[in-house]
Structures are given as C-alpha cells and as structure tokens.
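I have placed the structure first, in the form of structure tokens, so that the comments after it can refer back to it.
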Amino acid sequence: MSDLVTGDAVVLGLRPARLPSRALAILLDLTLYVTAYVLIGVGLTLATASLDPAAQAAIAVASFLLLLVGIPIAVETLSHGRSLGKLACGLRVVRDDGGPIRFRHALVRGALGVVELLLTFGTVAAIASLVSVRGRRLGDVFAGTLVVRERVPGARVMPVPAPPPWLAGRFTQLDLSAVPDGLWLAIRQYLTRMNQLDPQVGAAMAARLADDLVARTGAPPPAGVPAAAYLMAVVHERQSRDAARAFRATAAAAGASPPAHATHATHAAPVAPVLPVASGFGPAPAPAPAPYVAPAPAQAPRAGGFAPPA
C-alpha cells in the first residue's frame with residue numbers, strides 16, 4: 001500500500017480529476033475503441049456481404065454495443081476503474097465513499113457515456129464536468145462515482161499530527177503487539193491526509209480504523225475520545241516505543257545505559273489526564289476522562305465508541 005486505503009484497497013485523499021486530464025483520458029480510450037470498431041466493422045462487413053440487409057444491420061448494432069459500450073464497461077469493472085486512457089493519465093474511477101467501482105457503477109457510466117460522449121461528441125459531459133465542484137459528468141453523478149488523480153506531482157510524506165494534550169499518557173500500557181503493519185500504515189496515511197478528505201468520508205474512515213485498532217488491541221474504546229484523536233494518540237505511543245527501543249539498542253551497542261526518560265514508553269505509569277482543551281479534531285468531553293487502564297486482553301465488540309456521525 002502506497003497511499004491511504006480502505007478495506008477494499010482503494011486510495012483515498014487524492015485530488016478529483018479535472019476536465020483537461022479527463023478529456024485526454026477519454027480521447028485516448030475513444031481512439032483505441034473506435035480504431036478497434038472500424039477494423040472489426042470492416043471485417044464483419046466483408047464477412048457478412050452475403051447476408052440480407054436486416055442481418056447486416058443487426059450485426060452492425062451488436063458490434064457497436066459490444067465494442068463502444070460493452071468493452072469499456074468490462075475494462076472499468078475488471079480494472080477497478082482504470083481504463084488504458086486513465087492509466088496513462090494517472091486517473092482512476094472510485095465510488096463516492098472511496099471504494100472500488102463494481103459492475104453496476106461501470107454499467108451506469110457506460111450507458112450514459114453513449115449520450116454524453118458519443119451522441120453529443122462530449123459536449124454534455126464537458127458542461128457537466130465544468131459545473132460540478134468535483135468535475136463529475138452525469139454518468140458519475142447517477143452512478144455515484146468520482147474520478148480521482150492517483151499520481152499527484154510534488155507529493156511528500158507528511159508528519160502525523162500531534163494528539164490533543166489531554167490524551168497524554170493514556171495509552172502507555174496498551175498492548176500493540178497484535179496490530180499488523182498494514183493497519184498501522186493505513187492509520188498513518190489517514191492521519192497525514194485527513195484534512196484533504198471530505199468531512200463525512202473522513203469521519204467514517206476514522207471510525208472504521210479506530211474500531212479495527214480497538215479489536216486488535218483487545219481493549220475497550222475509551223469513552224468520550226474522538227476516533228481521530230484516539231488514532232493520533234496511539235500512533236504517537238507506538239512511535240515513542242519504537243524510538244525507545246532504538247535508543248536502547250544503540251546504547252547497548254555503545255556500552256552505555258539509556259537515561260530514565262528513554263524507557264517511559266514501556267514502563268511509565270499512566271499519567272492522569274488534565275482538563276480537556278479545545279482542539280481541531282472535534283469537541284472535547286466536558287468532564288475529565290478517567291485515567292486509562294488496559295484490561296485483560298479480550299475481543300472488543302465492533303459496535304464500539306467510534307460510530308460515524310449521522
């Protein structure tokens with residue numbers, strides 16, 4: 001995984017594609033499909049020269065629907081939104097919630113694409129894309145899809161935002177040994193890109209990742225802690241433990257003993273939280289939360305304290 005992904009392995013947090021890049025991708029696709037249609041049409045015309053006109057017309061219509069409608073739908077379905085033109089331009093079709101498109105999404109896009117792209121020579125699609133905030137044509141609106149840019153120039157690794165101060169020391173004794181690397185990567189990439197996501201999609205993604213993390217740690221979700229703040233605090237706790245282990249390994253190789261503060265991530269007692277302060281990650285709870293104490297490992301229920309907003 002090279003970017004933030006959902007459970008369906010689809011990238012989130014990327015920029016919506018705009019009209020120029022989409023037009024270039026569609027032009028490349030249409031060039032390929034129309035070329036194949038002309039070549040196969042000429043062959044079918046020669047092969048069906050002995051048939052009656054009604055049969056020739058039926059074959060012509062069937063070849064048109066197959067090559068200019070059926071094949072694009074099949075390509076988008078099997079490639080999860082990457083046609084050859086979109087692949088060349090670094091684009092991809094995804095659902096509104098960031099998931100991969102299915103056959104029904106590609107079918108709606110392809111059916112409306114006949115009117116938007118072929119019969120009106122792209123005029124309707126261009127107008128709809130210019131009017132839409134996210135550059136969607138009518139096929140995307142009715143199918144519930146969005147074309148995003150997979151290759152963003154100038155992308156760089158962003159640091160994980162710091163958790164709210166009132167979460168300091170609450171997860172020093174949390175067991176993180178069962179959390180897989182893939183989940184850590186997804187959480188980190190969500191936190192570094194959450195400000196680029198749609199608020200509703202970002203909140204649902206944070207709730208899903210937080211529930212997955214709670215299930216892996218075997219501890220109940222902390223009451224009154226927003227999902228995004230919980231993810232920040234746990235990721236920073238893991239980074240502190242990794243830094244402490246690396247320091248101890250370096251100190252052991254050098255024959256020196258690490259200072260006391262370098263081992264706080266694994267041996268320090270939980271710190272009593274201070275009063276909540278206002279943060280950019282959701283309202284803080286009115287009463288000060290009780291100090292967090294990790295219980296005996298037990299599978300936490302999925303219906304935890306991180307339900308996405310209505």
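Numbering starts fresh at 1 for the residues of each chain in the structure tokens, the chains themselves are lettered A, B, ... in the order given, and ligands are numbered from 1 as they appear.
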Excluding Leu84 in chain A and its own-chain neighbours fewer than 5 positions away, which residues fall within 9 Å of it when counting only C-alpha atoms? Please give them as JSON, numbers by chain. {"A": [25, 28, 29, 32, 75, 89]}
Generate a file of the selected residues that holds all heavy atoms, formatted as a PDB file, in the first residue's frame.
ATOM      1  N   ALA A  25      -7.846  11.515 -21.176  1.00  0.00           N
ATOM      2  CA  ALA A  25      -8.025  10.082 -20.945  1.00  0.00           C
ATOM      3  C   ALA A  25      -9.156   9.522 -21.813  1.00  0.00           C
ATOM      4  O   ALA A  25      -9.028   8.435 -22.405  1.00  0.00           O
ATOM      5  CB  ALA A  25      -8.311   9.826 -19.470  1.00  0.00           C
ATOM      6  N   LEU A  28      -8.017   9.247 -25.443  1.00  0.00           N
ATOM      7  CA  LEU A  28      -7.175   8.066 -25.670  1.00  0.00           C
ATOM      8  C   LEU A  28      -8.015   6.797 -25.725  1.00  0.00           C
ATOM      9  O   LEU A  28      -7.802   5.932 -26.593  1.00  0.00           O
ATOM     10  CB  LEU A  28      -6.121   7.969 -24.568  1.00  0.00           C
ATOM     11  CG  LEU A  28      -5.060   9.068 -24.530  1.00  0.00           C
ATOM     12  CD1 LEU A  28      -4.154   8.900 -23.314  1.00  0.00           C
ATOM     13  CD2 LEU A  28      -4.232   9.043 -25.810  1.00  0.00           C
ATOM     14  N   ASP A  29      -8.970   6.677 -24.801  1.00  0.00           N
ATOM     15  CA  ASP A  29      -9.833   5.492 -24.802  1.00  0.00           C
ATOM     16  C   ASP A  29     -10.667   5.410 -26.074  1.00  0.00           C
ATOM     17  O   ASP A  29     -10.776   4.341 -26.707  1.00  0.00           O
ATOM     18  CB  ASP A  29     -10.754   5.510 -23.575  1.00  0.00           C
ATOM     19  CG  ASP A  29     -10.010   5.183 -22.296  1.00  0.00           C
ATOM     20  OD1 ASP A  29      -8.984   4.488 -22.365  1.00  0.00           O
ATOM     21  OD2 ASP A  29     -10.458   5.641 -21.221  1.00  0.00           O
ATOM     22  N   LEU A  32      -8.717   4.338 -29.132  1.00  0.00           N
ATOM     23  CA  LEU A  32      -8.472   2.898 -29.144  1.00  0.00           C
ATOM     24  C   LEU A  32      -9.730   2.123 -29.505  1.00  0.00           C
ATOM     25  O   LEU A  32      -9.700   1.233 -30.375  1.00  0.00           O
ATOM     26  CB  LEU A  32      -7.948   2.464 -27.774  1.00  0.00           C
ATOM     27  CG  LEU A  32      -7.655   0.973 -27.599  1.00  0.00           C
ATOM     28  CD1 LEU A  32      -6.552   0.538 -28.553  1.00  0.00           C
ATOM     29  CD2 LEU A  32      -7.263   0.673 -26.168  1.00  0.00           C
ATOM     30  N   VAL A  75     -13.828  -3.319 -19.135  1.00  0.00           N
ATOM     31  CA  VAL A  75     -12.484  -2.874 -18.757  1.00  0.00           C
ATOM     32  C   VAL A  75     -12.517  -2.136 -17.421  1.00  0.00           C
ATOM     33  O   VAL A  75     -11.689  -2.392 -16.530  1.00  0.00           O
ATOM     34  CB  VAL A  75     -11.895  -1.977 -19.862  1.00  0.00           C
ATOM     35  CG1 VAL A  75     -10.628  -1.288 -19.377  1.00  0.00           C
ATOM     36  CG2 VAL A  75     -11.581  -2.801 -21.098  1.00  0.00           C
ATOM     37  N   CYS A  89      -2.998   8.635 -17.933  1.00  0.00           N
ATOM     38  CA  CYS A  89      -3.099   9.978 -17.349  1.00  0.00           C
ATOM     39  C   CYS A  89      -3.032   9.965 -15.826  1.00  0.00           C
ATOM     40  O   CYS A  89      -3.146  11.031 -15.202  1.00  0.00           O
ATOM     41  CB  CYS A  89      -4.401  10.642 -17.795  1.00  0.00           C
ATOM     42  SG  CYS A  89      -4.500  10.941 -19.577  1.00  0.00           S
TER      43      CYS A  89
END
Residues near Met232 in chain A, cut-off 7 Å, only C-alpha atoms, skip fewer than 6 positions along chain, as a PDB file with C-alpha atoms, in the first residue's frame:
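out25.pdb, freshly written:
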ATOM      1  CA  PRO A 161      -0.485  15.375  13.694  1.00  0.00           C
ATOM      2  CA  ALA A 162       0.112  15.558  17.431  1.00  0.00           C
ATOM      3  CA  PRO A 163      -2.729  14.261  19.640  1.00  0.00           C
TER       4      PRO A 163
END
Name all residues at most 12 Å from Tyr37 in chain A (count only C-alpha atoms; drop same-chain ones fewer than 3 positions away) and give them as a count of residues only. 23
Take CA of His105 in chain A and CA of Leu91 in chain A and report the distance between them in Å, one decimal.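 Taking CA of His105 in chain A and CA of Leu91 in chain A, their separation equals 16.4 Å.
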Please extract the residues of range 32-266 of chain A with a backbone DSSP assignment of strand (DSSP E or B) and present them as a PyMOL selection string. chain A and resi 91-95+100+145-149
In Å, with one decimal, what is the gap from CA of Gly81 in chain A to CA of Leu138 in chain A?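 Going from CA of Gly81 in chain A over to CA of Leu138 in chain A, I get 16.4 Å.
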